[in-house]
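To start, the structure itself, in structure tokens.
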Amino acid sequence: MHRRELIKAGLSLPLAAWAAGGAWPAAFAQAAAAGSVQAFDAGTVPALARALAAKPYRAPATELPAGLGQVDYDRWRDIRFDPAQAVWKHDGLPFQLQLFHRAFLFKQRVELNLVEAGRAAPLRYRSELFDFGKAPRPPADADLGFAGFRVHAPINRAEYFDEVCAFLGASYFRAVARDLLYGLSARGLALNTGAGGNEEFPAFVAFWIERPAKNARSIVVHALLDSPSTAGAMRFVITPGVDTTFDTTLRLYPRVALDRAGIAPLTSMYHFDDTDRRGVDDFRPAVHDSDGLALFNGAGEQIWRPLHNPKHLQESAFQDRRPRAFGLMQRKRAFADYADSEAHYERRPSLWVEPLGDWGEGAVHLIEIPTGDEYHDNIVAFWRPRAPLAAGREHRFDYRLHWCATHAWKPQLATVSRTRIGAASAGNGARLIVLDIDGGRLPQLAADAQLRAVVWAAAGQVANATARRIDGGKTWRLSFELNPGDARAIELRAVMEDASGPVSETWLYRWTA
């Protein structure tokens with residue numbers, strides 16, 4: 001399966017209304033009559049997670065009827081939810097839900113529940129909710145459950161319910177903001193990622209979705225998380241808009257000590273750009289869902305670390321205390337930056353994490369995995385606490401996810417818009433590194449303003465570091481030559497300053513031979 005095809009499949013699932021009536025209010029009444037409606041409040045899912053963690057782990061059900069369990073990607077795409085039967089479609093509410101069928105890579109059963117007036121009732125599986133196309137239809141009496149769900153709301157036009165976010169596969173979820181398309185994903189939790197051992201993939205095993213009010217701007221989703229090492233409870237307050245935000249609460253109840261937990265993990269794709277086109281035979285100037293890791297650390301420093309498609313897996317750790325924000329960003333926003341009329345990478349969202357409260361000491365980890373194509377996610381970023389998360393107690397992390405086109409943590413600082421690397425005229429393996437820097441205070445500087453380039457390298461030698469305005473315009477260029485000598489990897493740091501201090505954010509990069 002190609003990743004781009006999977007993204008396009010999610011975008012191409014039918015969105016127009018079909019002529020039929022909704023059945024979900026009746027289903028809720030039937031559940032109440034059958035005694036399956038349960039009391040529900042803010043403590044319900046954390047209590048379930050705490051109880052789950054006290055028991056041995058049991059993997060979720062993945063069994064499917066003969067035929068359906070063997071469908072390939074094309075047959076899975078044939079299984080389409082009937083939008084006419086969307087949850088709350090005929091209730092005049094600002095949100096609707098559509099459901100994913102289990103098959104292909106998404107065989108795990110996920111329990112879905114609706115919450116209304118302090119009561120929760122399960123969504124019952126019915127095969128008539130789906131058009132199976134060429135895929136085999138299950139028996140009429142089958143109770144297969146669902147693989148996940150997606151939320152629709154009028155995010156771009158008042159009269160049309162666009163797909164805003166989707167929860168599908170392990171603990172993965174993704175969202176869009178206004179005028180953007182699906183790109184990178186978030187996860188509930190990462191375990192042992194980049195450790196060189198066996199990565200563990202916690203999964204959402206159940207959801208509770210609260211019925212929104214008629215004038216609601218947000219929808220509330222609760223999720224129960226489980227894996228061999230930990231159980232957990234998550235709560236999302238999802239608010240679509242120019243920026244789509246997820247106000248998130250994560251509670252973890254480890255069965256064992258978690259010494260390699262990744263909090264608020266983000267997953268993206270980076271194939272190539274100006275820094276690493278060597279060996280690339282492609283008409284497009286760049287191919288990626290994200291082009292850099294942005295950090296706003298506890299000391300108030302804004303940092304930009306361009307992504308890289310390395311020859312070998314590499315992990316970087318940015319030590320911090322009380323981080324303010326971090327995220328995988330897509331800064332290039334012009335069609336000409338990618339020239340891809342199908343993927344439209346210029347419309348992929350950035351995603352940044354805003355910790356709420358004190359996260360203490362730890363590090364933002366960036367993992368870059370080699371890839372030879374654009375179909376596989378190869379970039380992961382997350383926060384890892386310095387101290388292991390002890391077993392047998394609750395660990396809480398609150399944060400806000402921002403799916404957006406841009407960000408301005410310190411708007412007075414100029415940002416790095418492009419990083420270019422090529423051969424330097426000095427020869428002998430020297431490299432010329434060029435940064436284009438825009439925004440912040442730069443447009444207000446006097447025509448004769450002088451800025452200095454402050455460059456540091458962990459190894460090798462730096463020469464001819466300069467900062468100058470390009471052709472008298474608003475963009476400045478910081479450039480320097482790096483002679484690596486015998487070094488195989490060099491950490492680099494650069495910033496533009498004037499007499500009052502930094503004019504630009506801090507640029508970091510790991511150069512590799």
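Please note that chains go A, B, ... in the order of the structure tokens, that every chain numbers its residues from 1, and that ligands are numbered from 1 in the order shown.
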Could you give me, as a tab-separated table, every range 397-511 of chain A residue with an atom at most 10 Å from range 280-298 of chain A, plus its closest atom pair and distance in Å to one decimal, counting only C-alpha atoms, rows ordered by chain then number?
```
residue	atom	partner	partner_atom	distance
A:His407	CA	A:Ala294	CA	9.6
A:Trp409	CA	A:Phe296	CA	7.3
A:Lys410	CA	A:Phe296	CA	8.8
A:Ser417	CA	A:Asp291	CA	9.9
A:Arg418	CA	A:Asp291	CA	9.5
A:Glu505	CA	A:Phe296	CA	9.8
A:Thr506	CA	A:Leu295	CA	9.5
A:Trp507	CA	A:Ala294	CA	9.6
A:Leu508	CA	A:Leu293	CA	9.8
```
Item to check | Residue contacts of Glu481 in chain A (12 Å, only C-alpha atoms) excluding same-chain residues fewer than 2 positions away, as a ChimeraX atom specification | outcome: /A:420-435,455-457,460-466,478-479,483-484,492
Within 10 Å of range 244-247 of chain A, which residues of range 303-397 of chain A come that close, and what is the closest atom pair and distance in Å for each? Count only C-alpha atoms and give it as a Markdown table.
```
| residue | atom | partner | partner_atom | distance |
| --- | --- | --- | --- | --- |
| A:Pro349 | CA | A:Thr244 | CA | 9.9 |
| A:Leu351 | CA | A:Thr245 | CA | 9.6 |
| A:Trp352 | CA | A:Thr245 | CA | 9.8 |
| A:Val353 | CA | A:Phe246 | CA | 9.6 |
| A:Glu354 | CA | A:Asp247 | CA | 9.4 |
| A:Leu356 | CA | A:Asp247 | CA | 9.3 |
```
What does the file look like for those residues with all heavy atoms, as an mmCIF file, in the first residue's frame?
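File produced: again_26.cif:
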```cif
data_model
loop_
_atom_site.group_PDB
_atom_site.id
_atom_site.type_symbol
_atom_site.label_atom_id
_atom_site.label_comp_id
_atom_site.auth_asym_id
_atom_site.auth_seq_id
_atom_site.Cartn_x
_atom_site.Cartn_y
_atom_site.Cartn_z
ATOM 1 N N PRO A 349 -0.731 20.309 6.766
ATOM 2 C CA PRO A 349 -0.680 21.114 7.998
ATOM 3 C C PRO A 349 0.627 20.975 8.746
ATOM 4 O O PRO A 349 1.313 19.946 8.675
ATOM 5 C CB PRO A 349 -1.845 20.545 8.830
ATOM 6 C CG PRO A 349 -2.018 19.149 8.324
ATOM 7 C CD PRO A 349 -1.660 19.176 6.861
ATOM 8 N N LEU A 351 1.984 20.883 12.717
ATOM 9 C CA LEU A 351 1.394 20.416 13.965
ATOM 10 C C LEU A 351 2.373 20.677 15.092
ATOM 11 O O LEU A 351 3.498 20.184 15.060
ATOM 12 C CB LEU A 351 1.058 18.919 13.874
ATOM 13 C CG LEU A 351 0.544 18.241 15.148
ATOM 14 C CD1 LEU A 351 -0.681 18.957 15.708
ATOM 15 C CD2 LEU A 351 0.212 16.773 14.862
ATOM 16 N N TRP A 352 1.926 21.490 16.056
ATOM 17 C CA TRP A 352 2.791 21.738 17.196
ATOM 18 C C TRP A 352 2.072 21.496 18.503
ATOM 19 O O TRP A 352 0.857 21.553 18.592
ATOM 20 C CB TRP A 352 3.451 23.111 17.140
ATOM 21 C CG TRP A 352 2.588 24.323 17.052
ATOM 22 C CD1 TRP A 352 2.048 24.857 15.913
ATOM 23 C CD2 TRP A 352 2.238 25.216 18.107
ATOM 24 N NE1 TRP A 352 1.370 26.013 16.212
ATOM 25 C CE2 TRP A 352 1.477 26.260 17.547
ATOM 26 C CE3 TRP A 352 2.500 25.242 19.490
ATOM 27 C CZ2 TRP A 352 0.965 27.308 18.312
ATOM 28 C CZ3 TRP A 352 1.989 26.289 20.240
ATOM 29 C CH2 TRP A 352 1.240 27.302 19.654
ATOM 30 N N VAL A 353 2.886 21.150 19.500
ATOM 31 C CA VAL A 353 2.413 20.744 20.815
ATOM 32 C C VAL A 353 2.706 21.866 21.802
ATOM 33 O O VAL A 353 3.849 22.321 21.917
ATOM 34 C CB VAL A 353 3.126 19.461 21.279
ATOM 35 C CG1 VAL A 353 2.619 19.023 22.654
ATOM 36 C CG2 VAL A 353 2.970 18.347 20.249
ATOM 37 N N GLU A 354 1.679 22.297 22.520
ATOM 38 C CA GLU A 354 1.837 23.312 23.559
ATOM 39 C C GLU A 354 1.589 22.659 24.923
ATOM 40 O O GLU A 354 0.438 22.406 25.291
ATOM 41 C CB GLU A 354 0.852 24.452 23.328
ATOM 42 C CG GLU A 354 0.880 25.520 24.401
ATOM 43 C CD GLU A 354 -0.276 26.503 24.280
ATOM 44 O OE1 GLU A 354 -1.132 26.335 23.376
ATOM 45 O OE2 GLU A 354 -0.323 27.439 25.096
ATOM 46 N N LEU A 356 0.709 22.193 28.639
ATOM 47 C CA LEU A 356 -0.067 22.978 29.592
ATOM 48 C C LEU A 356 0.334 22.511 30.985
ATOM 49 O O LEU A 356 0.076 21.376 31.373
ATOM 50 C CB LEU A 356 -1.569 22.780 29.356
ATOM 51 C CG LEU A 356 -2.070 23.117 27.950
ATOM 52 C CD1 LEU A 356 -3.539 22.781 27.793
ATOM 53 C CD2 LEU A 356 -1.816 24.588 27.617
#
```
Checklist entry - Restricting the calculation to only C-alpha atoms, which member of A:Pro202, A:Arg384, A:Phe397, A:Leu180 is positioned closest to Leu250 in chain A? => result A:Phe397
Item to check | CA of Val380 in chain A to CA of Gly357 in chain A, straight-line distance in Å | outcome: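 Here the two named atoms are 23.2 Å from each other.
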Extract, using only C-alpha atoms, all DNA, RNA and protein residues at most 12 Å from Arg396 in chain A, discarding same-chain residues fewer than 3 positions from it, and format them as an mmCIF file with N, CA, C and O atoms, in the first residue's frame.
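Listing of selection-v5.cif after writing:
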```cif
data_model
loop_
_atom_site.group_PDB
_atom_site.id
_atom_site.type_symbol
_atom_site.label_atom_id
_atom_site.label_comp_id
_atom_site.auth_asym_id
_atom_site.auth_seq_id
_atom_site.Cartn_x
_atom_site.Cartn_y
_atom_site.Cartn_z
ATOM 1 N N PRO A 46 -10.729 7.301 32.979
ATOM 2 C CA PRO A 46 -9.570 7.067 33.843
ATOM 3 C C PRO A 46 -9.761 5.896 34.805
ATOM 4 O O PRO A 46 -8.814 5.135 35.046
ATOM 5 N N GLY A 232 -4.126 3.597 29.575
ATOM 6 C CA GLY A 232 -4.210 5.040 29.670
ATOM 7 C C GLY A 232 -5.574 5.557 29.287
ATOM 8 O O GLY A 232 -6.389 4.861 28.671
ATOM 9 N N ALA A 233 -5.827 6.796 29.685
ATOM 10 C CA ALA A 233 -7.073 7.481 29.343
ATOM 11 C C ALA A 233 -6.722 8.813 28.708
ATOM 12 O O ALA A 233 -5.831 9.519 29.187
ATOM 13 N N MET A 234 -7.416 9.139 27.619
ATOM 14 C CA MET A 234 -7.200 10.417 26.957
ATOM 15 C C MET A 234 -8.532 11.130 26.765
ATOM 16 O O MET A 234 -9.573 10.497 26.590
ATOM 17 N N ARG A 235 -8.476 12.446 26.811
ATOM 18 C CA ARG A 235 -9.651 13.285 26.550
ATOM 19 C C ARG A 235 -9.231 14.371 25.580
ATOM 20 O O ARG A 235 -8.214 15.049 25.778
ATOM 21 N N THR A 248 -5.879 18.413 25.056
ATOM 22 C CA THR A 248 -5.647 16.991 25.314
ATOM 23 C C THR A 248 -5.225 16.751 26.747
ATOM 24 O O THR A 248 -4.365 17.465 27.279
ATOM 25 N N THR A 249 -5.831 15.752 27.363
ATOM 26 C CA THR A 249 -5.401 15.258 28.664
ATOM 27 C C THR A 249 -5.016 13.797 28.517
ATOM 28 O O THR A 249 -5.809 12.989 28.014
ATOM 29 N N LEU A 250 -3.802 13.455 28.944
ATOM 30 C CA LEU A 250 -3.313 12.082 28.911
ATOM 31 C C LEU A 250 -3.037 11.621 30.331
ATOM 32 O O LEU A 250 -2.301 12.276 31.072
ATOM 33 N N ARG A 251 -3.661 10.506 30.702
ATOM 34 C CA ARG A 251 -3.373 9.862 31.988
ATOM 35 C C ARG A 251 -2.860 8.456 31.710
ATOM 36 O O ARG A 251 -3.528 7.673 31.028
ATOM 37 N N LEU A 252 -1.686 8.144 32.231
ATOM 38 C CA LEU A 252 -1.076 6.834 32.024
ATOM 39 C C LEU A 252 -1.003 6.067 33.338
ATOM 40 O O LEU A 252 -0.701 6.651 34.392
ATOM 41 N N TYR A 253 -1.245 4.757 33.243
ATOM 42 C CA TYR A 253 -1.188 3.854 34.400
ATOM 43 C C TYR A 253 -0.302 2.665 34.015
ATOM 44 O O TYR A 253 -0.787 1.606 33.604
ATOM 45 N N PRO A 254 1.024 2.828 34.101
ATOM 46 C CA PRO A 254 1.937 1.788 33.610
ATOM 47 C C PRO A 254 1.841 0.485 34.404
ATOM 48 O O PRO A 254 1.714 0.487 35.626
ATOM 49 N N ILE A 263 5.882 11.168 24.812
ATOM 50 C CA ILE A 263 4.650 11.901 25.079
ATOM 51 C C ILE A 263 4.353 12.837 23.913
ATOM 52 O O ILE A 263 5.238 13.483 23.380
ATOM 53 N N ALA A 264 3.079 12.900 23.524
ATOM 54 C CA ALA A 264 2.627 13.740 22.405
ATOM 55 C C ALA A 264 3.429 13.463 21.135
ATOM 56 O O ALA A 264 3.994 14.379 20.526
ATOM 57 N N PRO A 355 2.637 22.331 25.668
ATOM 58 C CA PRO A 355 2.423 21.766 26.997
ATOM 59 C C PRO A 355 1.645 22.729 27.886
ATOM 60 O O PRO A 355 1.892 23.940 27.891
ATOM 61 N N LEU A 356 0.709 22.193 28.639
ATOM 62 C CA LEU A 356 -0.067 22.978 29.592
ATOM 63 C C LEU A 356 0.334 22.511 30.985
ATOM 64 O O LEU A 356 0.076 21.376 31.373
ATOM 65 N N GLY A 357 0.989 23.373 31.725
ATOM 66 C CA GLY A 357 1.533 22.968 33.013
ATOM 67 C C GLY A 357 3.011 22.637 32.894
ATOM 68 O O GLY A 357 3.623 22.768 31.831
ATOM 69 N N ASP A 358 3.586 22.211 33.998
ATOM 70 C CA ASP A 358 5.017 21.962 34.088
ATOM 71 C C ASP A 358 5.315 20.512 33.739
ATOM 72 O O ASP A 358 4.938 19.598 34.469
ATOM 73 N N TRP A 359 5.996 20.284 32.619
ATOM 74 C CA TRP A 359 6.387 18.936 32.221
ATOM 75 C C TRP A 359 7.739 18.549 32.805
ATOM 76 O O TRP A 359 8.242 17.458 32.512
ATOM 77 N N GLY A 360 8.358 19.410 33.578
ATOM 78 C CA GLY A 360 9.604 19.055 34.227
ATOM 79 C C GLY A 360 10.771 18.954 33.266
ATOM 80 O O GLY A 360 10.842 19.649 32.258
ATOM 81 N N PRO A 385 10.202 12.267 29.139
ATOM 82 C CA PRO A 385 10.587 12.732 30.475
ATOM 83 C C PRO A 385 11.940 12.168 30.885
ATOM 84 O O PRO A 385 12.315 11.050 30.500
ATOM 85 N N LEU A 389 8.632 6.647 33.946
ATOM 86 C CA LEU A 389 7.288 6.710 34.513
ATOM 87 C C LEU A 389 7.069 5.432 35.318
ATOM 88 O O LEU A 389 7.020 4.335 34.771
ATOM 89 N N ARG A 393 1.138 3.800 39.338
ATOM 90 C CA ARG A 393 0.641 5.124 39.728
ATOM 91 C C ARG A 393 0.207 5.883 38.491
ATOM 92 O O ARG A 393 0.462 5.468 37.362
ATOM 93 N N TYR A 399 -1.857 18.993 27.329
ATOM 94 C CA TYR A 399 -1.260 19.765 26.244
ATOM 95 C C TYR A 399 -2.316 20.111 25.200
ATOM 96 O O TYR A 399 -3.413 19.545 25.181
#
```
Item to check | Shortest interatomic distance to Phe236 in chain A - which of A:Cys165, A:Ile303, A:Ile490, A:Leu105, counting only C-alpha atoms | outcome: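 Ranked by minimum distance to Phe236 in chain A, first place goes to A:Cys165.
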Next on the checklist: as a PyMOL selection string, please: the residues near Ser227 in chain A (cut-off 7 Å, only C-alpha atoms, same-chain neighbours under 2 positions excluded).
Outcome noted: chain A and resi 57+201-203+229-231
Just the selected residues (C-alpha atoms), exported as a short mmCIF file (atom, residue, chain, number, x, y, z; two decimals), in the first residue's frame, please.
```
data_model
loop_
_atom_site.label_atom_id
_atom_site.label_comp_id
_atom_site.auth_asym_id
_atom_site.auth_seq_id
_atom_site.Cartn_x
_atom_site.Cartn_y
_atom_site.Cartn_z
CA TYR A 57 -2.70 -7.33 29.08
CA PHE A 201 2.35 0.43 19.63
CA PRO A 202 -0.33 1.26 22.19
CA ALA A 203 -3.83 1.21 20.72
CA SER A 229 3.26 -2.01 29.16
CA THR A 230 0.56 0.48 30.08
CA ALA A 231 -3.08 1.47 30.04
#
```
Next on the checklist: Need to verify the contact set: range 86-99 of chain A, 8 Å, only C-alpha atoms, exclusion of same-chain residues closer than 3 positions in sequence. Can you return it as a list in words?
Outcome noted: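 Final neighbour list, sorted by chain and number: Gly21, Gly22, Ala23, Trp24, Pro25, Phe81, Asp82, Pro83, Phe146, Ala147, Gly148, Phe149, Arg150, Val151, His152, Ala153, Pro154, Phe161, Pro212, Ala213, Lys214, Asn215, Ala216, Arg217 and Ile219 of chain A.
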Create the file for the chosen residues now, containing C-alpha atoms and written as a PDB file, in the first residue's frame.
```pdb
ATOM      1  CA  GLY A  21     -33.000   8.921   7.425  1.00  0.00           C
ATOM      2  CA  GLY A  22     -30.666   8.638  10.389  1.00  0.00           C
ATOM      3  CA  ALA A  23     -30.959   5.693  12.778  1.00  0.00           C
ATOM      4  CA  TRP A  24     -28.730   6.704  15.688  1.00  0.00           C
ATOM      5  CA  PRO A  25     -31.311   8.330  18.039  1.00  0.00           C
ATOM      6  CA  PHE A  81     -19.631   4.212   5.014  1.00  0.00           C
ATOM      7  CA  ASP A  82     -23.060   5.487   3.948  1.00  0.00           C
ATOM      8  CA  PRO A  83     -22.993   9.247   4.754  1.00  0.00           C
ATOM      9  CA  PHE A 146     -15.671  -0.789  14.029  1.00  0.00           C
ATOM     10  CA  ALA A 147     -12.065   0.129  13.236  1.00  0.00           C
ATOM     11  CA  GLY A 148     -12.405   3.817  14.068  1.00  0.00           C
ATOM     12  CA  PHE A 149     -14.300   6.962  13.160  1.00  0.00           C
ATOM     13  CA  ARG A 150     -13.981  10.405  11.652  1.00  0.00           C
ATOM     14  CA  VAL A 151     -15.504  13.739  12.619  1.00  0.00           C
ATOM     15  CA  HIS A 152     -17.163  16.031  10.060  1.00  0.00           C
ATOM     16  CA  ALA A 153     -17.942  19.727  10.489  1.00  0.00           C
ATOM     17  CA  PRO A 154     -18.432  22.778   8.228  1.00  0.00           C
ATOM     18  CA  PHE A 161     -19.568  19.034   6.438  1.00  0.00           C
ATOM     19  CA  PRO A 212     -22.432  18.373  21.060  1.00  0.00           C
ATOM     20  CA  ALA A 213     -24.878  21.197  21.733  1.00  0.00           C
ATOM     21  CA  LYS A 214     -26.529  22.879  18.744  1.00  0.00           C
ATOM     22  CA  ASN A 215     -24.246  25.918  19.056  1.00  0.00           C
ATOM     23  CA  ALA A 216     -21.087  24.024  20.057  1.00  0.00           C
ATOM     24  CA  ARG A 217     -17.734  25.057  18.588  1.00  0.00           C
ATOM     25  CA  ILE A 219     -16.645  18.213  20.244  1.00  0.00           C
TER      26      ILE A 219
END
```
Checklist entry - Taking only C-alpha atoms into account, which of A:Leu266, A:Leu224, A:Val115, A:Leu181 comes nearest Arg211 in chain A? => result A:Val115
Polymer residues at most 7 Å from Pro310 in chain A, only C-alpha atoms, same-chain spacing of 5 or more positions, as a PDB file with all heavy atoms, in the first residue's frame:
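Full text of selection_27.pdb as output:
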```pdb
ATOM      1  N   GLU A 368      14.963  10.432  12.658  1.00  0.00           N
ATOM      2  CA  GLU A 368      14.937  10.524  11.199  1.00  0.00           C
ATOM      3  C   GLU A 368      15.384   9.183  10.634  1.00  0.00           C
ATOM      4  O   GLU A 368      16.478   8.706  10.932  1.00  0.00           O
ATOM      5  CB  GLU A 368      15.851  11.655  10.732  1.00  0.00           C
ATOM      6  CG  GLU A 368      15.397  13.022  11.230  1.00  0.00           C
ATOM      7  CD  GLU A 368      16.477  14.087  11.129  1.00  0.00           C
ATOM      8  OE1 GLU A 368      17.551  13.901  11.761  1.00  0.00           O
ATOM      9  OE2 GLU A 368      16.265  15.087  10.424  1.00  0.00           O
ATOM     10  N   ILE A 369      14.525   8.576   9.836  1.00  0.00           N
ATOM     11  CA  ILE A 369      14.742   7.232   9.307  1.00  0.00           C
ATOM     12  C   ILE A 369      14.970   7.339   7.804  1.00  0.00           C
ATOM     13  O   ILE A 369      14.245   8.058   7.113  1.00  0.00           O
ATOM     14  CB  ILE A 369      13.528   6.339   9.606  1.00  0.00           C
ATOM     15  CG1 ILE A 369      13.252   6.314  11.119  1.00  0.00           C
ATOM     16  CG2 ILE A 369      13.725   4.926   9.073  1.00  0.00           C
ATOM     17  CD1 ILE A 369      11.930   5.694  11.488  1.00  0.00           C
ATOM     18  N   PRO A 370      15.947   6.643   7.247  1.00  0.00           N
ATOM     19  CA  PRO A 370      16.162   6.714   5.789  1.00  0.00           C
ATOM     20  C   PRO A 370      14.931   6.224   5.026  1.00  0.00           C
ATOM     21  O   PRO A 370      14.274   5.265   5.432  1.00  0.00           O
ATOM     22  CB  PRO A 370      17.347   5.768   5.562  1.00  0.00           C
ATOM     23  CG  PRO A 370      17.993   5.613   6.893  1.00  0.00           C
ATOM     24  CD  PRO A 370      16.910   5.764   7.913  1.00  0.00           C
TER      25      PRO A 370
END
```
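Note that the spacing between CA of Phe132 in chain A and CA of Asp78 in chain A amounts to 5.7 Å.
Among the candidates A:Gly372, A:Arg75, A:Ala299, A:Ala363, the one nearest to Arg277 in chain A when counting only C-alpha atoms is A:Gly372.
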Checklist entry - Interatomic distance between CA of Asp226 in chain A and CA of Gln70 in chain A? => result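 Taking CA of Asp226 in chain A and CA of Gln70 in chain A, their separation equals 25.5 Å.
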Next on the checklist: With DSSP run on the backbone, what are the strand (DSSP E) residues within range 169-384 of chain A? I'd like them as a PyMOL selection string.
Outcome noted: chain A and resi 172-175+185-187+190-191+203-210+219-226+230-239+244-254+261-268+270-272+287-288+292-296+302-306+314-321+325-329+350-356+361-368+379-384
Item to check | Nearest residue to Phe207 in chain A from the set A:Ile379, A:Ala140, A:Ala121, A:Leu445 (distances using only C-alpha atoms) | outcome: A:Ala121
Checklist entry - Which residue out of A:Leu189, A:Leu64, A:Ala499, A:Ala408 has the minimum interatomic distance to Ala381 in chain A when only C-alpha atoms are used? => result A:Leu189
